[in-house]
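Novice: If you scroll down you'll find the structure; I have some questions about it.
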Amino acid sequence: MSDNPSFVLRGIEDVVYEQRPIPDISGDEVLVAVKKTGICGSDVHYLVEGRIGDFVVNSPMVLGHESAGIVSKVGPKVKHLKVGDRVAMEPGATCRTCDACKTGRYELCPDIVFAATPPYDGTLGRYYRLPADLAYHLPESVSLEDGAMMEPLSVAVHSVSNLGGFRANQSIAIFGCGPVGLLCMAVAKALGAARVIAVDIVPSRLEFAKKYAATDVYLPPKPQDGESKLDYSRRNAEQMKAELNIEDRGTRSVDLVLDASGAEVSIQTGLYIAKAGGTFVQVGMGNPNVTLNISLILTKELNYKGSFRYGPGDYPMAIGLVSSGKVDLKPLVTHRFAFTDAITAFKATRAGKSEDGKGVIKAIISGPDSD
């Protein structure tokens, strides 16, 4: 194919299909024919708000960053890939020379070129160019659809394994049963968790989590009239401890709390239920300004960490978990759309359900040349 149809965000609620030039590649790059792309919450956020924090869409931008495809062209310096190889695409190219890159935390590179983060184009087109070492060969047992899901799975691997330091026979509580929260549960289960506690305010999501990877689920109560968020969170934590027999120490304590919701009361509640000396990882993005009980972090000596995307080793570990059968991604893909139906796919993801009323967990858009 000589053309490159792409799904472009021009402004808030303004998306179109446009022809874009086929990218030229350098010696250590590959050109990938994109076959499958998942819709992320950040894609929807750019569509609806035109920005996420300081990242503002000021010019037309191709959407999409959760992708997999088939190598279409390789640079002369690339030795580990060939045309026709199926690959998962890590969508963030870093400078490789800054302190963050050199110390193994390239996700913090200040000059990262990340797909579908302004001003850089994303992967929802026929072709995408990236450094060859960010194209990961997929084993035969792993589908291209699974390959697209490696991006959010790598977020989960980074949060649970890399930052959370989670180990076999430990317990974890995860707030938020969206795609990232569910994948964090799957990673914890694959690592040998003694207990995986799922928390959400939507009963149907908890039902899915229990079938998928959680050992326990918890539905928080509704706030009382006039109750402050901190008072609610304290009450919620006490109820959660009582219902699930959670203790502050010992075998019934929670080693790792992970918030994948971004909700203020979830973060507050998580600090109350974390064990003394435990770890709290924040991966969900919500209101940037929240009130925290700092005394809990101090007196419990909690390790409070932020989690941003993924780093060295996260993609290979994600692929290994899937190829070995320890993580099953297929139940999470609830909706599939043709490239020409991308607008419908975004509408369904934004609404949380398709026109037939079926709830959306993850929607996948096929490439222009795929079924």
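For the structure tokens, the naming scheme is as follows: chains receive sequential letters (A, B, ...) according to their order of presentation, residues are indexed from 1 within each chain, and ligands are indexed from 1 in presentation order.
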Give me the residues within 7 Å of region 145-162 of chain A as an MDAnalysis selection string, counting only C-alpha atoms and dropping any in the same chain fewer than 2 places off.
Specialist: chainID A and resid 36:38 66:68 87:88 90 142:143 164:166 180 183:184 187:188 281 283 307 309:311 314:315 318:319 329
Novice: Save the residues we just selected, C-alpha atoms, as a short mmCIF file (atom, residue, chain, number, x, y, z; two decimals), in the first residue's frame?
Specialist:
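This is the output file selection.cif:
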```
data_model
loop_
_atom_site.label_atom_id
_atom_site.label_comp_id
_atom_site.auth_asym_id
_atom_site.auth_seq_id
_atom_site.Cartn_x
_atom_site.Cartn_y
_atom_site.Cartn_z
CA LYS A 36 -4.74 -4.02 16.19
CA THR A 37 -5.12 -1.01 18.49
CA GLY A 38 -6.83 -0.78 21.86
CA GLU A 66 -1.94 0.41 22.40
CA SER A 67 -0.92 -1.41 19.24
CA ALA A 68 0.55 -4.46 17.57
CA VAL A 87 5.34 -7.45 17.04
CA ALA A 88 3.96 -5.66 20.07
CA GLU A 90 6.07 -0.06 22.88
CA VAL A 142 0.21 -14.83 21.24
CA SER A 143 -2.26 -13.15 18.88
CA GLY A 164 5.19 -2.62 44.12
CA GLY A 165 7.80 -5.34 44.53
CA PHE A 166 4.97 -7.83 44.85
CA VAL A 180 -5.67 -1.41 34.26
CA LEU A 183 -4.70 -6.37 34.65
CA CYS A 184 -3.01 -5.50 37.95
CA VAL A 187 -0.38 -9.87 37.35
CA ALA A 188 -0.68 -10.30 41.11
CA VAL A 281 1.21 2.57 44.38
CA VAL A 283 -1.43 4.36 38.94
CA SER A 307 3.52 4.83 38.66
CA ARG A 309 3.68 4.07 32.12
CA TYR A 310 6.39 1.35 32.09
CA GLY A 311 10.13 0.86 32.02
CA ASP A 314 8.08 -4.56 31.63
CA TYR A 315 7.09 -5.39 28.04
CA ALA A 318 4.12 -8.95 30.01
CA ILE A 319 4.68 -11.04 26.88
CA LEU A 329 -6.10 -11.26 28.07
#
```
Novice: Can you tell me which residues surround region 2-13 of chain A at a distance of at most 6 Å, considering only C-alpha atoms, apart from same-chain residues fewer than 4 positions away, and format the answer as an MDAnalysis selection string?
Specialist: chainID A and resid 17:20 22 47:48 50 60:62 124:126
Novice: If you keep all heavy atoms, can you produce a file of those selected residues as a tab-separated table (two decimals), in the first residue's frame?
Specialist:
```
chain	number	residue	atom	x	y	z
A	17	TYR	N	-10.84	11.09	9.34
A	17	TYR	CA	-9.87	10.23	8.68
A	17	TYR	C	-9.08	11.08	7.70
A	17	TYR	O	-9.65	11.82	6.90
A	17	TYR	CB	-10.56	9.09	7.93
A	17	TYR	CG	-11.23	8.08	8.84
A	17	TYR	CD1	-12.59	8.18	9.13
A	17	TYR	CD2	-10.51	7.04	9.41
A	17	TYR	CE1	-13.21	7.27	9.96
A	17	TYR	CE2	-11.12	6.12	10.25
A	17	TYR	CZ	-12.47	6.24	10.52
A	17	TYR	OH	-13.08	5.34	11.34
A	18	GLU	N	-7.75	10.98	7.77
A	18	GLU	CA	-6.89	11.75	6.88
A	18	GLU	C	-5.78	10.87	6.32
A	18	GLU	O	-5.38	9.89	6.97
A	18	GLU	CB	-6.22	12.92	7.62
A	18	GLU	CG	-7.14	14.05	7.99
A	18	GLU	CD	-6.38	15.21	8.65
A	18	GLU	OE1	-5.14	15.06	8.84
A	18	GLU	OE2	-7.01	16.23	8.95
A	19	GLN	N	-5.30	11.23	5.16
A	19	GLN	CA	-4.10	10.60	4.62
A	19	GLN	C	-2.87	11.27	5.23
A	19	GLN	O	-2.79	12.50	5.28
A	19	GLN	CB	-4.06	10.72	3.10
A	19	GLN	CG	-4.97	9.76	2.38
A	19	GLN	CD	-4.48	8.32	2.46
A	19	GLN	OE1	-3.32	8.06	2.80
A	19	GLN	NE2	-5.36	7.38	2.15
A	20	ARG	N	-1.95	10.47	5.73
A	20	ARG	CA	-0.70	10.98	6.27
A	20	ARG	C	0.46	10.37	5.48
A	20	ARG	O	0.34	9.24	4.97
A	20	ARG	CB	-0.56	10.62	7.75
A	20	ARG	CG	-1.53	11.39	8.67
A	20	ARG	CD	-1.23	12.88	8.62
A	20	ARG	NE	-2.06	13.67	9.51
A	20	ARG	CZ	-1.72	14.02	10.76
A	20	ARG	NH1	-0.57	13.60	11.27
A	20	ARG	NH2	-2.52	14.78	11.47
A	22	ILE	N	3.68	8.25	4.55
A	22	ILE	CA	4.28	7.04	5.12
A	22	ILE	C	5.63	7.42	5.70
A	22	ILE	O	6.47	7.99	4.99
A	22	ILE	CB	4.43	5.95	4.04
A	22	ILE	CG1	3.06	5.54	3.50
A	22	ILE	CG2	5.15	4.73	4.62
A	22	ILE	CD1	3.12	4.56	2.35
A	47	LEU	N	-9.95	13.35	23.34
A	47	LEU	CA	-11.11	13.60	22.47
A	47	LEU	C	-12.10	14.54	23.14
A	47	LEU	O	-12.62	15.47	22.53
A	47	LEU	CB	-11.79	12.28	22.10
A	47	LEU	CG	-13.12	12.37	21.35
A	47	LEU	CD1	-12.92	12.98	19.97
A	47	LEU	CD2	-13.76	11.00	21.23
A	48	VAL	N	-12.37	14.32	24.42
A	48	VAL	CA	-13.41	15.06	25.13
A	48	VAL	C	-12.91	16.38	25.69
A	48	VAL	O	-13.61	17.40	25.65
A	48	VAL	CB	-13.98	14.18	26.28
A	48	VAL	CG1	-15.00	14.96	27.10
A	48	VAL	CG2	-14.61	12.92	25.71
A	50	GLY	N	-9.47	17.63	25.15
A	50	GLY	CA	-8.42	18.27	24.38
A	50	GLY	C	-7.10	18.40	25.12
A	50	GLY	O	-6.15	19.02	24.61
A	60	PRO	N	-3.52	19.08	14.92
A	60	PRO	CA	-4.06	17.74	14.63
A	60	PRO	C	-3.10	16.63	15.03
A	60	PRO	O	-1.89	16.72	14.80
A	60	PRO	CB	-4.29	17.78	13.12
A	60	PRO	CG	-4.54	19.22	12.83
A	60	PRO	CD	-3.64	19.98	13.75
A	61	MET	N	-3.65	15.58	15.64
A	61	MET	CA	-2.84	14.49	16.18
A	61	MET	C	-3.52	13.15	15.93
A	61	MET	O	-4.71	12.98	16.20
A	61	MET	CB	-2.65	14.69	17.70
A	61	MET	CG	-1.87	13.60	18.40
A	61	MET	SD	-1.79	13.89	20.20
A	61	MET	CE	-3.46	13.33	20.70
A	62	VAL	N	-2.77	12.19	15.41
A	62	VAL	CA	-3.28	10.83	15.24
A	62	VAL	C	-3.42	10.20	16.63
A	62	VAL	O	-2.51	10.29	17.46
A	62	VAL	CB	-2.34	9.98	14.37
A	62	VAL	CG1	-2.87	8.56	14.23
A	62	VAL	CG2	-2.15	10.62	13.00
A	124	LEU	N	-2.95	4.94	15.30
A	124	LEU	CA	-4.18	4.58	14.58
A	124	LEU	C	-4.10	5.00	13.11
A	124	LEU	O	-4.79	5.91	12.65
A	124	LEU	CB	-5.41	5.20	15.26
A	124	LEU	CG	-6.12	4.28	16.26
A	124	LEU	CD1	-7.22	5.04	16.99
A	124	LEU	CD2	-6.72	3.06	15.57
A	125	GLY	N	-3.24	4.32	12.41
A	125	GLY	CA	-3.08	4.52	10.98
A	125	GLY	C	-2.63	3.21	10.36
A	125	GLY	O	-2.57	2.18	11.03
A	126	ARG	N	-2.28	3.24	9.09
A	126	ARG	CA	-1.81	2.01	8.44
A	126	ARG	C	-0.38	1.69	8.88
A	126	ARG	O	-0.04	0.53	9.08
A	126	ARG	CB	-1.89	2.17	6.93
A	126	ARG	CG	-1.31	0.96	6.19
A	126	ARG	CD	-1.63	1.01	4.70
A	126	ARG	NE	-3.02	0.60	4.48
A	126	ARG	CZ	-3.86	1.22	3.66
A	126	ARG	NH1	-3.48	2.31	3.02
A	126	ARG	NH2	-5.09	0.79	3.50
```
Novice: Please, what distance in Å, to one decimal, runs between CA of Tyr272 (chain A) and CA of Lys210 (chain A)?
Specialist: 23.1 Å
Novice: As a PDB file with N, CA, C and O atoms, in the first residue's frame, please: the residues near Gly250 (chain A) (cut-off 10 Å, only C-alpha atoms, same-chain neighbours under 4 positions excluded).
Specialist:
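Once everything was written out, this is result27.pdb:
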```
ATOM      1  N   ILE A 246      -9.540  -7.880  57.439  1.00  0.00           N
ATOM      2  CA  ILE A 246      -8.220  -7.307  57.156  1.00  0.00           C
ATOM      3  C   ILE A 246      -7.640  -6.754  58.452  1.00  0.00           C
ATOM      4  O   ILE A 246      -8.317  -6.045  59.202  1.00  0.00           O
ATOM      5  N   VAL A 254      -2.649  -6.273  54.368  1.00  0.00           N
ATOM      6  CA  VAL A 254      -2.516  -6.012  52.933  1.00  0.00           C
ATOM      7  C   VAL A 254      -1.123  -5.444  52.656  1.00  0.00           C
ATOM      8  O   VAL A 254      -0.794  -4.335  53.081  1.00  0.00           O
ATOM      9  N   ASP A 255      -0.305  -6.221  51.966  1.00  0.00           N
ATOM     10  CA  ASP A 255       1.077  -5.820  51.690  1.00  0.00           C
ATOM     11  C   ASP A 255       1.165  -4.665  50.704  1.00  0.00           C
ATOM     12  O   ASP A 255       1.995  -3.767  50.857  1.00  0.00           O
ATOM     13  N   LYS A 275      -1.068  -2.134  55.299  1.00  0.00           N
ATOM     14  CA  LYS A 275      -0.432  -2.612  56.523  1.00  0.00           C
ATOM     15  C   LYS A 275       0.703  -1.683  56.949  1.00  0.00           C
ATOM     16  O   LYS A 275       1.256  -0.920  56.137  1.00  0.00           O
ATOM     17  N   ALA A 276       1.081  -1.746  58.200  1.00  0.00           N
ATOM     18  CA  ALA A 276       2.228  -0.992  58.684  1.00  0.00           C
ATOM     19  C   ALA A 276       3.479  -1.438  57.935  1.00  0.00           C
ATOM     20  O   ALA A 276       3.751  -2.633  57.834  1.00  0.00           O
TER      21      ALA A 276
END
```
Novice: Name the residues of region 25-241 of chain A that fall into helix (DSSP H, G or I) according to DSSP on the backbone, using the chain letters and numbers of this document, as a count of residues only.
Specialist: 73
Novice: CA of Ile197 (chain A) to CA of Ile172 (chain A): how many Å, to one decimal?
Specialist: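 CA of Ile197 (chain A) sits 6.2 Å away from CA of Ile172 (chain A).
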Novice: Can you check which residues of region 43-276 of chain A DSSP gives as strand (DSSP E) on the backbone and send them as number ranges by chain?
Specialist: A: 51-52, 55-56, 61-62, 66-74, 86-89, 92-93, 113-114, 127-131, 135-137, 171-175, 195-199, 216-218, 254-259, 274-276
Novice: Here is a test: counting only C-alpha atoms, which residue of A:Ser233, A:Thr251, A:Ser354, A:Ser366 is nearest to Gly64 (chain A)?
Specialist: A:Ser366
Novice: Residues near Lys82 (chain A), anyone? I mean within 8 Å using only C-alpha atoms, not counting same-chain ones fewer than 6 positions away, as a list in words.
Specialist: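 These residues fall inside the cut-off: Val71, Lys73 and Val74 of chain A.
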Novice: Using only C-alpha atoms, which protein or nucleic acid residues come within 9 Å of Arg195 (chain A)? Drop anything in the same chain fewer than 6 positions from it, and give the result as a PDB file with all heavy atoms, in the first residue's frame.
Specialist:
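File produced: around-v8.pdb:
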```
ATOM      1  N   ASN A 169       2.634 -15.183  47.732  1.00  0.00           N
ATOM      2  CA  ASN A 169       2.056 -15.328  49.075  1.00  0.00           C
ATOM      3  C   ASN A 169       1.811 -13.995  49.768  1.00  0.00           C
ATOM      4  O   ASN A 169       1.492 -13.974  50.958  1.00  0.00           O
ATOM      5  CB  ASN A 169       2.924 -16.224  49.964  1.00  0.00           C
ATOM      6  CG  ASN A 169       2.108 -16.926  51.027  1.00  0.00           C
ATOM      7  OD1 ASN A 169       0.979 -17.352  50.770  1.00  0.00           O
ATOM      8  ND2 ASN A 169       2.643 -17.037  52.231  1.00  0.00           N
ATOM      9  N   GLN A 170       1.907 -12.892  49.040  1.00  0.00           N
ATOM     10  CA  GLN A 170       1.526 -11.600  49.597  1.00  0.00           C
ATOM     11  C   GLN A 170       0.083 -11.283  49.207  1.00  0.00           C
ATOM     12  O   GLN A 170      -0.512 -11.943  48.358  1.00  0.00           O
ATOM     13  CB  GLN A 170       2.464 -10.503  49.101  1.00  0.00           C
ATOM     14  CG  GLN A 170       3.858 -10.570  49.690  1.00  0.00           C
ATOM     15  CD  GLN A 170       4.688  -9.354  49.338  1.00  0.00           C
ATOM     16  OE1 GLN A 170       4.568  -8.780  48.253  1.00  0.00           O
ATOM     17  NE2 GLN A 170       5.559  -8.938  50.258  1.00  0.00           N
ATOM     18  N   SER A 171      -0.472 -10.233  49.840  1.00  0.00           N
ATOM     19  CA  SER A 171      -1.847  -9.816  49.572  1.00  0.00           C
ATOM     20  C   SER A 171      -1.855  -8.411  48.978  1.00  0.00           C
ATOM     21  O   SER A 171      -1.036  -7.562  49.338  1.00  0.00           O
ATOM     22  CB  SER A 171      -2.675  -9.840  50.856  1.00  0.00           C
ATOM     23  OG  SER A 171      -2.815 -11.158  51.333  1.00  0.00           O
ATOM     24  N   ILE A 172      -2.801  -8.185  48.079  1.00  0.00           N
ATOM     25  CA  ILE A 172      -2.918  -6.900  47.399  1.00  0.00           C
ATOM     26  C   ILE A 172      -4.379  -6.464  47.372  1.00  0.00           C
ATOM     27  O   ILE A 172      -5.280  -7.292  47.256  1.00  0.00           O
ATOM     28  CB  ILE A 172      -2.353  -6.991  45.957  1.00  0.00           C
ATOM     29  CG1 ILE A 172      -2.347  -5.632  45.267  1.00  0.00           C
ATOM     30  CG2 ILE A 172      -3.126  -8.010  45.115  1.00  0.00           C
ATOM     31  CD1 ILE A 172      -1.625  -5.631  43.920  1.00  0.00           C
ATOM     32  N   ALA A 173      -4.615  -5.161  47.517  1.00  0.00           N
ATOM     33  CA  ALA A 173      -5.948  -4.583  47.343  1.00  0.00           C
ATOM     34  C   ALA A 173      -5.870  -3.589  46.199  1.00  0.00           C
ATOM     35  O   ALA A 173      -4.984  -2.718  46.184  1.00  0.00           O
ATOM     36  CB  ALA A 173      -6.418  -3.898  48.615  1.00  0.00           C
ATOM     37  N   ALA A 188      -0.853  -9.846  39.732  1.00  0.00           N
ATOM     38  CA  ALA A 188      -0.679 -10.297  41.114  1.00  0.00           C
ATOM     39  C   ALA A 188      -0.994 -11.784  41.251  1.00  0.00           C
ATOM     40  O   ALA A 188      -0.271 -12.534  41.919  1.00  0.00           O
ATOM     41  CB  ALA A 188      -1.566  -9.471  42.042  1.00  0.00           C
ATOM     42  N   LYS A 189      -2.072 -12.209  40.610  1.00  0.00           N
ATOM     43  CA  LYS A 189      -2.436 -13.632  40.646  1.00  0.00           C
ATOM     44  C   LYS A 189      -1.339 -14.475  40.010  1.00  0.00           C
ATOM     45  O   LYS A 189      -0.968 -15.535  40.546  1.00  0.00           O
ATOM     46  CB  LYS A 189      -3.762 -13.840  39.910  1.00  0.00           C
ATOM     47  CG  LYS A 189      -4.244 -15.289  39.897  1.00  0.00           C
ATOM     48  CD  LYS A 189      -5.564 -15.413  39.142  1.00  0.00           C
ATOM     49  CE  LYS A 189      -6.027 -16.866  39.089  1.00  0.00           C
ATOM     50  NZ  LYS A 189      -7.316 -16.986  38.328  1.00  0.00           N
ATOM     51  N   ALA A 214      -9.770 -11.886  40.939  1.00  0.00           N
ATOM     52  CA  ALA A 214      -9.851 -11.508  42.350  1.00  0.00           C
ATOM     53  C   ALA A 214     -10.280 -12.690  43.218  1.00  0.00           C
ATOM     54  O   ALA A 214     -11.087 -13.516  42.804  1.00  0.00           O
ATOM     55  CB  ALA A 214     -10.830 -10.353  42.529  1.00  0.00           C
ATOM     56  N   THR A 215      -9.735 -12.737  44.426  1.00  0.00           N
ATOM     57  CA  THR A 215     -10.185 -13.722  45.414  1.00  0.00           C
ATOM     58  C   THR A 215     -11.293 -13.154  46.278  1.00  0.00           C
ATOM     59  O   THR A 215     -12.129 -13.889  46.796  1.00  0.00           O
ATOM     60  CB  THR A 215      -9.020 -14.148  46.328  1.00  0.00           C
ATOM     61  OG1 THR A 215      -8.506 -12.985  47.006  1.00  0.00           O
ATOM     62  CG2 THR A 215      -7.894 -14.786  45.525  1.00  0.00           C
ATOM     63  N   ASP A 216     -11.299 -11.821  46.456  1.00  0.00           N
ATOM     64  CA  ASP A 216     -12.290 -11.137  47.286  1.00  0.00           C
ATOM     65  C   ASP A 216     -12.727  -9.864  46.577  1.00  0.00           C
ATOM     66  O   ASP A 216     -11.939  -9.244  45.842  1.00  0.00           O
ATOM     67  CB  ASP A 216     -11.703 -10.752  48.651  1.00  0.00           C
ATOM     68  CG  ASP A 216     -11.156 -11.928  49.428  1.00  0.00           C
ATOM     69  OD1 ASP A 216     -10.000 -12.335  49.169  1.00  0.00           O
ATOM     70  OD2 ASP A 216     -11.878 -12.435  50.294  1.00  0.00           O
ATOM     71  N   VAL A 254      -2.649  -6.273  54.368  1.00  0.00           N
ATOM     72  CA  VAL A 254      -2.516  -6.012  52.933  1.00  0.00           C
ATOM     73  C   VAL A 254      -1.123  -5.444  52.656  1.00  0.00           C
ATOM     74  O   VAL A 254      -0.794  -4.335  53.081  1.00  0.00           O
ATOM     75  CB  VAL A 254      -3.604  -5.026  52.449  1.00  0.00           C
ATOM     76  CG1 VAL A 254      -3.404  -4.704  50.964  1.00  0.00           C
ATOM     77  CG2 VAL A 254      -4.991  -5.606  52.682  1.00  0.00           C
TER      78      VAL A 254
END
```
Novice: Just the number, please: distance in Å from CA of Ile365 (chain A) to CA of Pro91 (chain A), one decimal.
Specialist: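 These atoms are spaced 16.5 Å apart.
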Novice: For Gly306 (chain A), which of A:Thr279, A:Thr103, A:Thr291, A:Ser72 is the closest residue, counting only C-alpha atoms?
Specialist: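 Of all the options, A:Thr279 lies closest to Gly306 (chain A).
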Novice: Counting only C-alpha atoms, which of A:Gly41, A:Gly84, A:Gly278, A:Pro23 gets nearest to Thr123 (chain A)?
Specialist: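 The answer is A:Pro23, which sits nearest to Thr123 (chain A).
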Novice: Please list as number ranges by chain every residue within 10 Å of Ala338 (chain A), counting only C-alpha atoms and excluding residues in the same chain fewer than 6 positions away.
Specialist: A: 36, 344-345, 364-371
Novice: Go ahead and write the residues just picked, N, CA, C and O atoms, as a PDB file, in the first residue's frame.
Specialist:
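Written file, result25.pdb:
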```
ATOM      1  N   LYS A  36      -3.781  -4.063  15.081  1.00  0.00           N
ATOM      2  CA  LYS A  36      -4.739  -4.015  16.187  1.00  0.00           C
ATOM      3  C   LYS A  36      -4.351  -2.888  17.142  1.00  0.00           C
ATOM      4  O   LYS A  36      -3.174  -2.738  17.486  1.00  0.00           O
ATOM      5  N   THR A 344     -17.335   5.069  16.215  1.00  0.00           N
ATOM      6  CA  THR A 344     -18.274   4.281  17.016  1.00  0.00           C
ATOM      7  C   THR A 344     -17.570   3.623  18.194  1.00  0.00           C
ATOM      8  O   THR A 344     -18.104   3.549  19.302  1.00  0.00           O
ATOM      9  N   ALA A 345     -16.345   3.156  17.952  1.00  0.00           N
ATOM     10  CA  ALA A 345     -15.565   2.530  19.016  1.00  0.00           C
ATOM     11  C   ALA A 345     -15.284   3.513  20.146  1.00  0.00           C
ATOM     12  O   ALA A 345     -15.386   3.168  21.335  1.00  0.00           O
ATOM     13  N   ILE A 364     -11.125  -2.951  20.781  1.00  0.00           N
ATOM     14  CA  ILE A 364      -9.994  -3.068  19.873  1.00  0.00           C
ATOM     15  C   ILE A 364     -10.422  -2.642  18.468  1.00  0.00           C
ATOM     16  O   ILE A 364     -11.467  -3.077  17.967  1.00  0.00           O
ATOM     17  N   ILE A 365      -9.603  -1.784  17.852  1.00  0.00           N
ATOM     18  CA  ILE A 365      -9.850  -1.339  16.480  1.00  0.00           C
ATOM     19  C   ILE A 365      -8.848  -2.018  15.564  1.00  0.00           C
ATOM     20  O   ILE A 365      -7.635  -1.993  15.821  1.00  0.00           O
ATOM     21  N   SER A 366      -9.329  -2.636  14.509  1.00  0.00           N
ATOM     22  CA  SER A 366      -8.437  -3.271  13.544  1.00  0.00           C
ATOM     23  C   SER A 366      -7.788  -2.221  12.655  1.00  0.00           C
ATOM     24  O   SER A 366      -8.323  -1.109  12.470  1.00  0.00           O
ATOM     25  N   GLY A 367      -6.653  -2.574  12.079  1.00  0.00           N
ATOM     26  CA  GLY A 367      -5.985  -1.665  11.148  1.00  0.00           C
ATOM     27  C   GLY A 367      -6.744  -1.571   9.829  1.00  0.00           C
ATOM     28  O   GLY A 367      -7.675  -2.340   9.573  1.00  0.00           O
ATOM     29  N   PRO A 368      -6.353  -0.623   8.985  1.00  0.00           N
ATOM     30  CA  PRO A 368      -7.048  -0.424   7.714  1.00  0.00           C
ATOM     31  C   PRO A 368      -7.100  -1.657   6.828  1.00  0.00           C
ATOM     32  O   PRO A 368      -8.034  -1.823   6.025  1.00  0.00           O
ATOM     33  N   ASP A 369      -6.125  -2.560   6.966  1.00  0.00           N
ATOM     34  CA  ASP A 369      -6.062  -3.729   6.100  1.00  0.00           C
ATOM     35  C   ASP A 369      -6.387  -5.018   6.846  1.00  0.00           C
ATOM     36  O   ASP A 369      -6.051  -6.120   6.391  1.00  0.00           O
ATOM     37  N   SER A 370      -7.038  -4.903   7.999  1.00  0.00           N
ATOM     38  CA  SER A 370      -7.335  -6.085   8.811  1.00  0.00           C
ATOM     39  C   SER A 370      -8.820  -6.298   8.914  1.00  0.00           C
ATOM     40  O   SER A 370      -9.623  -5.391   8.698  1.00  0.00           O
ATOM     41  N   ASP A 371      -9.189  -7.531   9.253  1.00  0.00           N
ATOM     42  CA  ASP A 371     -10.599  -7.850   9.455  1.00  0.00           C
ATOM     43  C   ASP A 371     -11.054  -7.303  10.810  1.00  0.00           C
ATOM     44  O   ASP A 371     -10.285  -7.216  11.744  1.00  0.00           O
TER      45      ASP A 371
END
```
Novice: Name the closest residue to Leu138 (chain A) among the candidates A:Ile70, A:Tyr232, A:Leu182, A:Lys362; distances are taken between atoms, counting only C-alpha atoms.
Specialist: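 Between A:Ile70, A:Tyr232, A:Leu182, A:Lys362, the residue approaching Leu138 (chain A) most closely is A:Ile70.
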Novice: Smallest atom-to-atom distance to Phe55 (chain A): which of A:Cys101, A:Pro118, A:Phe339, A:Phe175, using only C-alpha atoms?
Specialist: A:Pro118
Novice: A:Leu63, A:Val44, A:Gly176, A:Ala213: which is nearest Gly192 (chain A), counting only C-alpha atoms?
Specialist: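 Among the listed residues, A:Ala213 lies closest to Gly192 (chain A).
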Novice: Do a neighbour search on Gly359 (chain A) at 10 Å with only C-alpha atoms, toss out local chain neighbours closer than 3 positions, and write the hits as a list in words.
Specialist: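 In the requested form, the answer reads Ser204, Arg205, Thr334, His335, Ala348, Thr349, Ala351, Gly352, Lys353, Ser354, Glu355, Asp356 and Lys362 of chain A.
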